[in-house]
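To start, the structure under review is shown below, and the notes come after it.
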Amino acid sequence: MKLYENPAFSHLEPSFVRQLQEMIDISARKSNAYDTLQGLIGVNNELQKHQITCTPDMQRALLMSFKDTLPKAQRKQFETFFNTISKMKQ
């Protein structure tokens, strides 16, 4: 699901959400976990620049959007990495 189709982003300016989606799509064309992580950092920086705090639903949508861009073989690694990070934050 594209971010601009996700209800978690409906309260944001549509052009900004499309810009975030474009950043995700660009990282997807590079097709490796490192570039996907760089893309995620870029999206996070853009959200911070606009002083937008992500809700848990927005965070899930972003992670799923990025995960879906990876080849199937790399999705499990991506998921494991973020599950580890999430546990560290608790």
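Ligands are numbered from 1 in the order shown, residues from 1 within each chain, and chains are lettered A, B, ... in the order they appear in the structure tokens.
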
Find the spatial neighbours of range 34-48 of chain A, counting only C-alpha atoms, within a cut-off of 9 Å - ignore same-chain residues fewer than 5 positions away - and output them as a list in words.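 Surrounding residues, per the criterion: Leu20, Gln21, Met23, Ile24, Asp25, Ile26, Ser27, Ala28, Thr53, Cys54, Leu62, Leu63, Phe66, Lys67, Thr69, Leu70 and Phe78 of chain A.
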
Selection file, N, CA and C atoms, as a PDB file, in the first residue's frame:
ATOM      1  N   LEU A  20       7.239  11.715   0.257  1.00  0.00           N
ATOM      2  CA  LEU A  20       7.767  10.622   1.081  1.00  0.00           C
ATOM      3  C   LEU A  20       7.715   9.304   0.315  1.00  0.00           C
ATOM      4  N   GLN A  21       6.604   9.076  -0.383  1.00  0.00           N
ATOM      5  CA  GLN A  21       6.472   7.847  -1.161  1.00  0.00           C
ATOM      6  C   GLN A  21       7.523   7.787  -2.261  1.00  0.00           C
ATOM      7  N   MET A  23      10.480   9.050  -2.120  1.00  0.00           N
ATOM      8  CA  MET A  23      11.746   8.693  -1.474  1.00  0.00           C
ATOM      9  C   MET A  23      11.815   7.177  -1.255  1.00  0.00           C
ATOM     10  N   ILE A  24      10.706   6.585  -0.874  1.00  0.00           N
ATOM     11  CA  ILE A  24      10.647   5.135  -0.685  1.00  0.00           C
ATOM     12  C   ILE A  24      10.852   4.431  -2.018  1.00  0.00           C
ATOM     13  N   ASP A  25      10.170   4.913  -3.045  1.00  0.00           N
ATOM     14  CA  ASP A  25      10.275   4.295  -4.373  1.00  0.00           C
ATOM     15  C   ASP A  25      11.697   4.377  -4.918  1.00  0.00           C
ATOM     16  N   ILE A  26      12.381   5.487  -4.666  1.00  0.00           N
ATOM     17  CA  ILE A  26      13.767   5.625  -5.125  1.00  0.00           C
ATOM     18  C   ILE A  26      14.658   4.610  -4.427  1.00  0.00           C
ATOM     19  N   SER A  27      14.477   4.433  -3.135  1.00  0.00           N
ATOM     20  CA  SER A  27      15.299   3.446  -2.423  1.00  0.00           C
ATOM     21  C   SER A  27      14.990   2.040  -2.919  1.00  0.00           C
ATOM     22  N   ALA A  28      13.761   1.800  -3.351  1.00  0.00           N
ATOM     23  CA  ALA A  28      13.377   0.481  -3.845  1.00  0.00           C
ATOM     24  C   ALA A  28      14.094   0.133  -5.148  1.00  0.00           C
ATOM     25  N   THR A  53       5.592  14.293  14.093  1.00  0.00           N
ATOM     26  CA  THR A  53       5.851  13.139  14.951  1.00  0.00           C
ATOM     27  C   THR A  53       4.972  12.000  14.463  1.00  0.00           C
ATOM     28  N   CYS A  54       5.596  10.879  14.185  1.00  0.00           N
ATOM     29  CA  CYS A  54       4.858   9.723  13.679  1.00  0.00           C
ATOM     30  C   CYS A  54       4.064   9.049  14.789  1.00  0.00           C
ATOM     31  N   LEU A  62       5.090   3.056   7.423  1.00  0.00           N
ATOM     32  CA  LEU A  62       6.399   3.346   6.814  1.00  0.00           C
ATOM     33  C   LEU A  62       7.250   2.097   6.729  1.00  0.00           C
ATOM     34  N   LEU A  63       7.328   1.360   7.834  1.00  0.00           N
ATOM     35  CA  LEU A  63       8.153   0.146   7.832  1.00  0.00           C
ATOM     36  C   LEU A  63       7.633  -0.875   6.827  1.00  0.00           C
ATOM     37  N   PHE A  66       8.544   0.262   3.281  1.00  0.00           N
ATOM     38  CA  PHE A  66       9.948  -0.009   2.972  1.00  0.00           C
ATOM     39  C   PHE A  66      10.199  -1.507   2.828  1.00  0.00           C
ATOM     40  N   LYS A  67       9.654  -2.289   3.720  1.00  0.00           N
ATOM     41  CA  LYS A  67       9.862  -3.740   3.657  1.00  0.00           C
ATOM     42  C   LYS A  67       9.352  -4.297   2.338  1.00  0.00           C
ATOM     43  N   THR A  69       9.390  -2.999  -0.469  1.00  0.00           N
ATOM     44  CA  THR A  69      10.242  -2.661  -1.611  1.00  0.00           C
ATOM     45  C   THR A  69      11.393  -3.642  -1.776  1.00  0.00           C
ATOM     46  N   LEU A  70      11.698  -4.391  -0.724  1.00  0.00           N
ATOM     47  CA  LEU A  70      12.840  -5.308  -0.767  1.00  0.00           C
ATOM     48  C   LEU A  70      12.501  -6.600  -1.481  1.00  0.00           C
ATOM     49  N   PHE A  78      15.268  -7.496   7.186  1.00  0.00           N
ATOM     50  CA  PHE A  78      14.758  -6.164   7.505  1.00  0.00           C
ATOM     51  C   PHE A  78      13.838  -6.235   8.723  1.00  0.00           C
TER      52      PHE A  78
END

If you run DSSP on the backbone here, which positions in range 6-73 of chain A get alpha helix (DSSP H)? Please write them as a VMD selection string. chain A and resid 14 to 30 33 to 49 56 to 69 72 to 73

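Note that CA of Glu79 in chain A and CA of Ser15 in chain A are 28.4 Å apart.
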
Measuring between only C-alpha atoms, which one of A:Thr55, A:Ser65, A:Lys2, A:Gln74 shows the shortest distance to Pro14 in chain A?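 Nearest candidate to Pro14 in chain A out of A:Thr55, A:Ser65, A:Lys2, A:Gln74: A:Lys2.
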
Can you tell me how far CA of His50 in chain A sits from CA of Ser10 in chain A, in Å to one decimal?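 Those two atoms sit 15.8 Å apart.
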
From A:Arg18, A:Lys30, A:Ile52, A:Gln59, residue lying nearest Tyr4 in chain A [only C-alpha atoms]: A:Arg18

For CA of Gln77 in chain A and CA of Gln19 in chain A, quote the distance in Å rounded to one decimal.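 Computing the Euclidean distance for CA of Gln77 in chain A and CA of Gln19 in chain A yields 26.2 Å.
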